[in-house]
Amino acid sequence: MIRVVLVDDQELVRAGFRMVLDAQPGLEVVGEAGDGAQAVELLRSTRADVVLMDVRMPRMDGIEATRRIAPAGSKVIILTTFDLDEYAFAAIKAGAAGFLLKDARPAQLIEAIHAVHSGDAVVAPSTTRRLLERFAGHLPEPGAAAPAPVAEGLTDREREVMLLVAKGLSNAEIGGRLYVAEATVKTHVGRILTKLGLRDRVQIVVYAYENGLARGGSG
């Protein structure tokens, strides 16, 4: 059973998500919070596998709440709209496992919860590309003080896979591009995560862009 906590300052939004999730076998909503501070307090006494987190909330926003919650082990999925992408990106850097649009279809929401629970990312490739295109101008430019060494220890193939992940390609798409099995791509991604000390493929995207290894674009 995947235990889920809902965090949103709009009660109707929480009710809608609860209705969808409670109807699914294997999912259980174990708590709700109306802001980040309440969520942090709730999770001190309630174990949750996945937290659906709004971004803009009173008292404590979703970014700060994610920063406090993620290290304890709960996987955080940020819920956002396109005009809040900046907040979603910051929350991912704070430790969120990915993000969804608030108007995502129920099937997408359920799939995302299962994906995050199993250790995968929830950011759809096409959405990743749109997000990163918007952020290309906001990310730090690599300069003399850029972190070094960057991507130390990666093989040429692992670097290639890392850059394709940063472009928002799925494992299947990367496998097709490189003419290798999807399972092989998954192995490469796992080695990249281990070598760079990253948590998931979303952090690979952040790492690649912040270190000047990739730039926004759908190419």
# chains A, B, ... in the order shown; residues from 1 in each chain; ligands from 1
>>> residues_around(residues="Asp49 of chain A", least_positions_apart="5", cutoff="7 Å", atoms="only C-alpha atoms", output="PyMOL selection string")
chain A and resi 2-4+74-75+117
>>> write_last_selection(atoms="N, CA and C atoms", output="short mmCIF file (atom, residue, chain, number, x, y, z; two decimals), in the first residue's frame")
data_model
loop_
_atom_site.label_atom_id
_atom_site.label_comp_id
_atom_site.auth_asym_id
_atom_site.auth_seq_id
_atom_site.Cartn_x
_atom_site.Cartn_y
_atom_site.Cartn_z
N ILE A 2 0.66 2.15 -0.96
CA ILE A 2 1.41 3.41 -1.04
C ILE A 2 0.66 4.46 -0.24
N ARG A 3 1.32 5.00 0.76
CA ARG A 3 0.70 5.99 1.65
C ARG A 3 0.97 7.40 1.11
N VAL A 4 -0.10 8.17 0.92
CA VAL A 4 0.00 9.48 0.28
C VAL A 4 -0.52 10.57 1.21
N SER A 74 10.31 10.75 2.49
CA SER A 74 9.08 10.84 1.69
C SER A 74 9.41 11.41 0.32
N LYS A 75 8.84 10.84 -0.73
CA LYS A 75 9.04 11.35 -2.09
C LYS A 75 8.03 12.46 -2.35
N HIS A 117 7.28 6.28 -6.28
CA HIS A 117 7.43 5.29 -5.21
C HIS A 117 8.45 4.23 -5.57
#
>>> residues_around(residues="Leu109 of chain A", least_positions_apart="5", cutoff="12 Å", atoms="only C-alpha atoms", output="number ranges by chain")
A: 4, 16-18, 20-21, 24, 27, 50-52, 77-79, 98-104, 114-116, 122-124
>>> write_last_selection(atoms="N, CA and C atoms", output="JSON list (two decimals), in the first residue's frame")
[["chain", "number", "residue", "atom", "x", "y", "z"],
["A", 4, "VAL", "N", -0.10, 8.17, 0.92],
["A", 4, "VAL", "CA", 0.00, 9.48, 0.28],
["A", 4, "VAL", "C", -0.52, 10.57, 1.21],
["A", 16, "GLY", "N", -10.59, 16.76, -4.39],
["A", 16, "GLY", "CA", -10.57, 16.16, -5.72],
["A", 16, "GLY", "C", -9.50, 15.09, -5.84],
["A", 17, "PHE", "N", -8.30, 15.40, -5.35],
["A", 17, "PHE", "CA", -7.23, 14.41, -5.39],
["A", 17, "PHE", "C", -7.57, 13.20, -4.53],
["A", 18, "ARG", "N", -8.14, 13.44, -3.35],
["A", 18, "ARG", "CA", -8.49, 12.34, -2.46],
["A", 18, "ARG", "C", -9.51, 11.41, -3.12],
["A", 20, "VAL", "N", -9.94, 10.82, -6.27],
["A", 20, "VAL", "CA", -9.28, 10.03, -7.31],
["A", 20, "VAL", "C", -8.44, 8.92, -6.69],
["A", 21, "LEU", "N", -7.66, 9.27, -5.67],
["A", 21, "LEU", "CA", -6.71, 8.31, -5.11],
["A", 21, "LEU", "C", -7.39, 7.24, -4.28],
["A", 24, "GLN", "N", -8.43, 4.08, -5.98],
["A", 24, "GLN", "CA", -7.42, 3.23, -6.58],
["A", 24, "GLN", "C", -6.92, 2.17, -5.60],
["A", 27, "LEU", "N", -3.44, 2.43, -3.16],
["A", 27, "LEU", "CA", -3.15, 3.80, -2.74],
["A", 27, "LEU", "C", -4.01, 4.15, -1.54],
["A", 50, "VAL", "N", 4.61, 9.05, -0.42],
["A", 50, "VAL", "CA", 4.57, 10.10, -1.44],
["A", 50, "VAL", "C", 3.78, 11.28, -0.92],
["A", 51, "VAL", "N", 4.29, 12.49, -1.16],
["A", 51, "VAL", "CA", 3.60, 13.72, -0.78],
["A", 51, "VAL", "C", 3.30, 14.51, -2.04],
["A", 52, "LEU", "N", 2.03, 14.82, -2.26],
["A", 52, "LEU", "CA", 1.64, 15.71, -3.36],
["A", 52, "LEU", "C", 1.63, 17.13, -2.81],
["A", 77, "ILE", "N", 6.13, 15.09, -4.85],
["A", 77, "ILE", "CA", 5.74, 15.47, -6.21],
["A", 77, "ILE", "C", 5.16, 16.87, -6.14],
["A", 78, "ILE", "N", 5.77, 17.81, -6.85],
["A", 78, "ILE", "CA", 5.30, 19.18, -6.87],
["A", 78, "ILE", "C", 4.14, 19.31, -7.85],
["A", 79, "LEU", "N", 3.09, 19.97, -7.42],
["A", 79, "LEU", "CA", 1.94, 20.25, -8.28],
["A", 79, "LEU", "C", 2.00, 21.71, -8.69],
["A", 98, "GLY", "N", 10.01, 15.30, -8.59],
["A", 98, "GLY", "CA", 9.52, 15.69, -9.89],
["A", 98, "GLY", "C", 8.33, 16.61, -9.76],
["A", 99, "PHE", "N", 7.62, 16.80, -10.86],
["A", 99, "PHE", "CA", 6.47, 17.69, -10.78],
["A", 99, "PHE", "C", 5.40, 17.26, -11.78],
["A", 100, "LEU", "N", 4.19, 17.67, -11.47],
["A", 100, "LEU", "CA", 3.04, 17.44, -12.34],
["A", 100, "LEU", "C", 2.28, 18.74, -12.49],
["A", 101, "LEU", "N", 1.58, 18.87, -13.60],
["A", 101, "LEU", "CA", 0.66, 19.98, -13.74],
["A", 101, "LEU", "C", -0.61, 19.67, -12.99],
["A", 102, "LYS", "N", -1.23, 20.68, -12.43],
["A", 102, "LYS", "CA", -2.43, 20.46, -11.63],
["A", 102, "LYS", "C", -3.59, 19.93, -12.46],
["A", 103, "ASP", "N", -3.55, 20.16, -13.76],
["A", 103, "ASP", "CA", -4.64, 19.66, -14.60],
["A", 103, "ASP", "C", -4.30, 18.30, -15.22],
["A", 104, "ALA", "N", -3.32, 17.61, -14.65],
["A", 104, "ALA", "CA", -2.98, 16.28, -15.15],
["A", 104, "ALA", "C", -4.18, 15.35, -15.03],
["A", 114, "HIS", "N", 3.06, 6.00, -8.56],
["A", 114, "HIS", "CA", 3.71, 4.69, -8.61],
["A", 114, "HIS", "C", 5.17, 4.82, -9.08],
["A", 115, "ALA", "N", 5.40, 5.70, -10.06],
["A", 115, "ALA", "CA", 6.76, 5.88, -10.58],
["A", 115, "ALA", "C", 7.70, 6.41, -9.50],
["A", 116, "VAL", "N", 7.25, 7.43, -8.79],
["A", 116, "VAL", "CA", 8.07, 8.02, -7.75],
["A", 116, "VAL", "C", 8.32, 7.02, -6.62],
["A", 122, "VAL", "N", 9.01, 11.65, -12.29],
["A", 122, "VAL", "CA", 7.64, 11.82, -12.76],
["A", 122, "VAL", "C", 7.52, 12.90, -13.82],
["A", 123, "VAL", "N", 8.63, 13.46, -14.26],
["A", 123, "VAL", "CA", 8.59, 14.55, -15.22],
["A", 123, "VAL", "C", 8.50, 13.99, -16.63],
["A", 124, "ALA", "N", 7.40, 14.24, -17.30],
["A", 124, "ALA", "CA", 7.25, 13.76, -18.67],
["A", 124, "ALA", "C", 8.28, 14.42, -19.57]]
>>> residues_around(residues="Gln10 of chain A", least_positions_apart="3", cutoff="10 Å", atoms="only C-alpha atoms", output="list in words")
Val7, Val13, Arg14, Ala15, Ala33, Gly34, Asp35, Asp54 and Met57 of chain A
>>> closest_residue(among="A:Gln203, A:Ala112, A:Ile192, A:Leu6", to="Val29 of chain A", atoms="only C-alpha atoms")
A:Leu6
>>> residues_around(residues="segment 36-41 of chain A", least_positions_apart="2", cutoff="8 Å", atoms="only C-alpha atoms", output="ChimeraX atom specification")
/A:7,32-34,43-45,57-62,64-65,68-69
>>> residues_around(residues="segment 199-202 of chain A", least_positions_apart="5", cutoff="12 Å", atoms="only C-alpha atoms", output="PyMOL selection string")
chain A and resi 70-71+73+75+77+88-99+115-125+128+132+161-171+185-186+188-194+207-209
>>> atom_distance(atom1="atom CA of Val5 of chain A", atom2="atom CA of Ala48 of chain A")
6.2 Å
>>> residues_around(residues="Gly153 of chain A", least_positions_apart="6", cutoff="10 Å", atoms="only C-alpha atoms", output="PyMOL selection string")
chain A and resi 159+192+195-196
>>> closest_residue(among="A:Ile63, A:Ala172, A:Ala72, A:Ala107", to="Arg47 of chain A", atoms="only C-alpha atoms")
A:Ala72
